[in-house]
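*Asks:* Quick one: the structure is below, questions incoming.
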Amino acid sequence: MKISTRFLELLRMIGRLWTDLPLLFRLLKAWKDGSYRGLSARTLASLVAALIYVLSPVDFIPDFIPGIGLIDDAAVLAFLLHSMAQDLAAFRRWEQNHVKVS
């Protein structure tokens, strides 16, 4: 795979971040409230690891570098959302059915 192809794939994953991140927040809120229990231990561990990386002052690309400092954090979140695609799809279906029933 060429570097330009990998870069475009990374940009696509970061673009999905803007649409899937609100869904992830709703999923976490529903899980915290106890109304949704469809998360696996693996998914929870991935969420915690990503959160630790994003909040950690030690990054692959330091956050204080203007313009590119947050790219690695966005990439970690995008990769997390990509790896959670099935979990997010299941939650989206649950959320749609839950709203219809309520």
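The way I read the labels, and the way they are meant: chains A, B, ... in the order of the structure tokens, residue 1 as the first residue of every chain, and ligand 1 as the first ligand shown, with later ones counted on from there.
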Just list the residues in chain A DSSP gives alpha helix (DSSP H) on the backbone, as number ranges by chain.
*Replies:* A: 3-33, 41-55, 71-83, 85-101
*Asks:* Quick one: residues within 12 Å of Phe79 (chain A), only C-alpha atoms counted, chain neighbours fewer than 5 positions away excluded, as a PyMOL selection string?
*Replies:* chain A and resi 9-17+20-21+46-47+49-50+71-74+84-85
*Asks:* Produce a file of the selected residues containing N, CA and C atoms, as an mmCIF file, in the first residue's frame.
*Replies:*
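Here's the written file part-v8.cif:
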```cif
data_model
loop_
_atom_site.group_PDB
_atom_site.id
_atom_site.type_symbol
_atom_site.label_atom_id
_atom_site.label_comp_id
_atom_site.auth_asym_id
_atom_site.auth_seq_id
_atom_site.Cartn_x
_atom_site.Cartn_y
_atom_site.Cartn_z
ATOM 1 N N GLU A 9 -6.584 6.959 3.667
ATOM 2 C CA GLU A 9 -7.368 6.111 4.573
ATOM 3 C C GLU A 9 -7.420 6.732 5.963
ATOM 4 N N LEU A 10 -6.304 7.277 6.422
ATOM 5 C CA LEU A 10 -6.267 7.954 7.715
ATOM 6 C C LEU A 10 -7.201 9.159 7.714
ATOM 7 N N LEU A 11 -7.203 9.931 6.640
ATOM 8 C CA LEU A 11 -8.100 11.088 6.548
ATOM 9 C C LEU A 11 -9.563 10.656 6.566
ATOM 10 N N ARG A 12 -9.885 9.548 5.898
ATOM 11 C CA ARG A 12 -11.256 9.038 5.915
ATOM 12 C C ARG A 12 -11.662 8.628 7.330
ATOM 13 N N MET A 13 -10.737 7.968 8.041
ATOM 14 C CA MET A 13 -11.048 7.560 9.410
ATOM 15 C C MET A 13 -11.241 8.773 10.302
ATOM 16 N N ILE A 14 -10.432 9.808 10.110
ATOM 17 C CA ILE A 14 -10.584 11.030 10.905
ATOM 18 C C ILE A 14 -11.904 11.709 10.561
ATOM 19 N N GLY A 15 -12.312 11.678 9.295
ATOM 20 C CA GLY A 15 -13.596 12.241 8.896
ATOM 21 C C GLY A 15 -14.760 11.536 9.571
ATOM 22 N N ARG A 16 -14.661 10.217 9.696
ATOM 23 C CA ARG A 16 -15.714 9.462 10.386
ATOM 24 C C ARG A 16 -15.765 9.795 11.862
ATOM 25 N N LEU A 17 -14.653 10.290 12.388
ATOM 26 C CA LEU A 17 -14.598 10.676 13.794
ATOM 27 C C LEU A 17 -15.694 11.679 14.113
ATOM 28 N N ASP A 20 -19.086 9.688 14.167
ATOM 29 C CA ASP A 20 -19.219 8.597 15.126
ATOM 30 C C ASP A 20 -18.945 9.000 16.567
ATOM 31 N N LEU A 21 -18.228 10.089 16.785
ATOM 32 C CA LEU A 21 -17.900 10.486 18.151
ATOM 33 C C LEU A 21 -19.145 10.814 18.990
ATOM 34 N N SER A 46 -10.340 -1.030 25.233
ATOM 35 C CA SER A 46 -9.887 -0.173 24.131
ATOM 36 C C SER A 46 -10.237 1.282 24.386
ATOM 37 N N LEU A 47 -11.436 1.516 24.894
ATOM 38 C CA LEU A 47 -11.859 2.881 25.218
ATOM 39 C C LEU A 47 -10.959 3.506 26.279
ATOM 40 N N ALA A 49 -7.850 2.630 27.074
ATOM 41 C CA ALA A 49 -6.503 2.827 26.523
ATOM 42 C C ALA A 49 -6.447 4.066 25.634
ATOM 43 N N ALA A 50 -7.449 4.254 24.785
ATOM 44 C CA ALA A 50 -7.483 5.430 23.911
ATOM 45 C C ALA A 50 -7.609 6.707 24.728
ATOM 46 N N ILE A 71 -2.787 15.521 15.568
ATOM 47 C CA ILE A 71 -3.096 14.528 14.542
ATOM 48 C C ILE A 71 -3.046 13.110 15.106
ATOM 49 N N ASP A 72 -2.032 12.818 15.935
ATOM 50 C CA ASP A 72 -1.945 11.464 16.476
ATOM 51 C C ASP A 72 -3.104 11.161 17.416
ATOM 52 N N ASP A 73 -3.552 12.162 18.176
ATOM 53 C CA ASP A 73 -4.714 11.948 19.050
ATOM 54 C C ASP A 73 -5.964 11.668 18.222
ATOM 55 N N ALA A 74 -6.151 12.446 17.162
ATOM 56 C CA ALA A 74 -7.301 12.225 16.282
ATOM 57 C C ALA A 74 -7.207 10.859 15.607
ATOM 58 N N MET A 84 -14.327 -0.188 16.617
ATOM 59 C CA MET A 84 -15.599 -0.373 17.316
ATOM 60 C C MET A 84 -16.795 -0.307 16.369
ATOM 61 N N ALA A 85 -16.571 -0.379 15.095
ATOM 62 C CA ALA A 85 -17.649 -0.189 14.118
ATOM 63 C C ALA A 85 -18.837 -1.108 14.383
#
```
*Asks:* Excluding region 23-32 of chain A and its own-chain neighbours fewer than 5 positions away, which residues fall within 9 Å of it when counting only C-alpha atoms? Please give them as number ranges by chain.
*Replies:* A: 37-39, 81, 88, 91-92, 95
*Asks:* Keeping C-alpha atoms for every residue in the selection just given, could you write it to a file as a PDB file, in the first residue's frame?
*Replies:*
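Heads up, here's the output in part.pdb:
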```pdb
ATOM      1  CA  ARG A  37     -25.133  -3.369  28.336  1.00  0.00           C
ATOM      2  CA  GLY A  38     -23.898  -4.432  24.894  1.00  0.00           C
ATOM      3  CA  LEU A  39     -20.261  -3.482  25.472  1.00  0.00           C
ATOM      4  CA  LEU A  81     -14.050   4.179  16.288  1.00  0.00           C
ATOM      5  CA  LEU A  88     -21.391   1.282  17.266  1.00  0.00           C
ATOM      6  CA  PHE A  91     -25.776   0.484  19.589  1.00  0.00           C
ATOM      7  CA  ARG A  92     -27.256   2.542  16.732  1.00  0.00           C
ATOM      8  CA  GLU A  95     -30.937   3.232  20.087  1.00  0.00           C
TER       9      GLU A  95
END
```
*Asks:* Expressed in Å to a single decimal, how great is the separation between CA of Ala90 (chain A) and CA of Tyr53 (chain A)?
*Replies:*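 About the pair CA of Ala90 (chain A) and CA of Tyr53 (chain A): they are 25.6 Å apart.
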